[in-house]
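A.B. asks: Mind having a look at this structure? Questions to follow.
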Amino acid sequence: MLLTFAVIVFVLGVLLFAFAALMRYRSEHQQARVIERALQHQPLASGSDERDSRSLWRRTLDALQSLGHRFEGGGLGKALLAPEDRLLLDQANRNTSAGRATYIGLRIVLALLLPVIVALWLRPTGVKGLFELLAALAFGVLLPKFVLHSWAERLRRQAIDELPLLIDLLRLLQGVGFSMDQSLQTIAERFPTVLPVLGRELRDANTAYMHGRPRAQSLRRLAESFDNDDLKSLVQIIVQVHEHGGAVQEPLRQFAERLREQRKMVMKEKTGKLSVKMTVVMMLTLLPALMLVLAGPAVVSLIGTMSKLGGH
């Protein structure tokens with residue numbers, strides 16, 4: 001009982017410390033904004049009007065970002081933002097200062113909040129209670145990573161599914177006389193609904209290219225973030241055509257055919273595995289019912305005959 005009380009007091013103390021640090025950071029941030037507006041001769045909005053103009057969700061995100069910025073440069077922030085976390089944020093297109101701070105703040109808040117909820121709800125005691133609190137702490141730390149991993153995996157599969165259509169659009173635009181830059185610009189602007197993931201990546205790459213980055217560097221995130229060899233090959237073709245010119249329709253056609261053949265082989269492999277799994281399911285579900293229907297009347301008849309013979 002004393003151990004559980006000590007753990008609860010410790011968690012509450014950490015929460016109070018984090019809340020005080022957050023309030024101090026927000027106060028300093030507001031003071032800096034007031035000074036900046038005063039120097040720019042802008043009218044100051046009242047605190048109530050500003051609070052009313054922002055939704056609860058926006059204020060929550062701001063609070064998480066403030067907390068994340070507070071700990072991002074320290075050892076805790078580095079531990080909560082490992083290189084694989086940065087890669088997942090990059091795949092989800094959230095590898096920005098605000099995205100990283102929100103991710104760190106969310107992990108800290110959940111790591112502190114879930115043990116308090118478990119302590120108030122389950123009222124754990126003894127060694128078992130200590131393990132329950134530690135499990136809640138670990139779950140709070142890992143839950144945002146699991147969600148981010150699932151989100152990034154979904155976007156990666158969607159990008160792979162959009163790749164054949166992107167290749168066909170490039171072939172079509174190249175066939176009507178567009179240059180590679182014009183083709184990429186047209187796809188990013190005209191086809192955001194059919195290419196939501198790759199279209200967004202191309203739009204970001206075009207923006208970076210317009211701001212002075214080389215084409216290879218602007219497409220680096222598209223080639224590396226999704227960890228797909230076909231995307232890397234397509235980016236290499238685009239960069240080579242951009243730098244050296246030449247006909248690209250035939251390489252794109254061969255690349256599209258090879259990609260479709262690979263997908264057919266993958267689908268055949270999945271179909272074969274699914275047939276084996278369905279065989280096991282049929283043996284466990286359909287076969288007993290079939291045996292019951294076919295052998296049931298014979299068993300009932302045999303039981304009746306045996307009972308009559310026993311009666312005589």
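In the structure tokens, chains take the letters A, B, ... in the order shown, each chain's residues start at 1, and ligands count up from 1 in the order shown.
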Could you make a table, as CSV, of the residues of segment 235-265 of chain A that have an atom within 12 Å of an atom of segment 140-160 of chain A, each with its nearest atom pair and distance in Å to one decimal, counting only C-alpha atoms, in chain and number order?
C.D. replies:
residue,atom,partner,partner_atom,distance
A:Leu259,CA,A:Ile160,CA,10.4
A:Arg260,CA,A:Ile160,CA,11.7
A:Arg263,CA,A:Ile160,CA,10.5
A.B. asks: Take the residues from that selection and write them out as an mmCIF file, in the first residue's frame, keeping C-alpha atoms.
C.D. replies:
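Output below, filename out16.cif:
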data_model
loop_
_atom_site.group_PDB
_atom_site.id
_atom_site.type_symbol
_atom_site.label_atom_id
_atom_site.label_comp_id
_atom_site.auth_asym_id
_atom_site.auth_seq_id
_atom_site.Cartn_x
_atom_site.Cartn_y
_atom_site.Cartn_z
ATOM 1 C CA LEU A 259 6.261 -3.922 -62.258
ATOM 2 C CA ARG A 260 2.978 -5.495 -63.335
ATOM 3 C CA ARG A 263 2.564 -7.808 -58.940
#
A.B. asks: Give one line per residue of segment 38-127 of chain A that approaches segment 227-242 of chain A to at most 12 Å, naming the two atoms of the closest pair and their distance in Å to one decimal, counting only C-alpha atoms; sort by chain then ascending residue number and deliver it as JSON lines.
C.D. replies:
{"residue": "A:Leu87", "atom": "CA", "partner": "A:Asp227", "partner_atom": "CA", "distance": 9.9}
{"residue": "A:Leu88", "atom": "CA", "partner": "A:Asp227", "partner_atom": "CA", "distance": 10.9}
{"residue": "A:Asp90", "atom": "CA", "partner": "A:Asp227", "partner_atom": "CA", "distance": 11.2}
{"residue": "A:Gln91", "atom": "CA", "partner": "A:Asp227", "partner_atom": "CA", "distance": 9.2}
A.B. asks: Mind giving me the straight-line distance from atom CA of Thr207 of chain A to atom CA of Thr186 of chain A in Å, one decimal?
C.D. replies: 13.0 Å
A.B. asks: Which polymer residues have any atom within 10 Å of an atom of Leu76 of chain A, counting only C-alpha atoms, with same-chain residues fewer than 5 positions away left out, as a list of chain:residue names?
C.D. replies: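 Everything that qualifies: A:Phe71, A:Leu81, A:Ile104, A:Ile108.
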A.B. asks: To one decimal place, how far is atom CA of Ala101 of chain A from atom CA of Leu67 of chain A in Å?
C.D. replies: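 Here the two named atoms are 7.3 Å from each other.
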A.B. asks: Find the distance between atom CA of Gln65 of chain A and atom CA of Arg107 of chain A and write it in Å to one decimal.
C.D. replies: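 So the answer is 11.4 Å.
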A.B. asks: Excluding Leu202 of chain A and residues on its chain fewer than 4 positions from it, collect all residues at most 7 Å away from it, counting only C-alpha atoms, and give them as a list of chain:residue names.
C.D. replies: A:Leu184, A:Ala188, A:Leu198, A:Asn206
A.B. asks: Give the helix (DSSP H, G or I) residues of segment 64-98 of chain A, as assigned by DSSP on the backbone, as a list in words.
C.D. replies: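 Taking segment 64-98 of chain A and keeping helix (DSSP H, G or I) gives Leu64, Gln65, Ser66, Leu67, Gly68, His69, Arg70, Phe71, Gly75, Leu76, Gly77, Lys78, Ala79, Leu80, Pro83, Glu84, Asp85, Arg86, Leu87, Leu88, Leu89, Asp90, Gln91, Ser97 and Ala98 of chain A.
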A.B. asks: Counting only C-alpha atoms, which residue out of A:Leu133, A:Ala82, A:Leu252, A:Leu292 sits closest to Arg100 of chain A?
C.D. replies: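 Closest to Arg100 of chain A, using only C-alpha atoms: A:Ala82.
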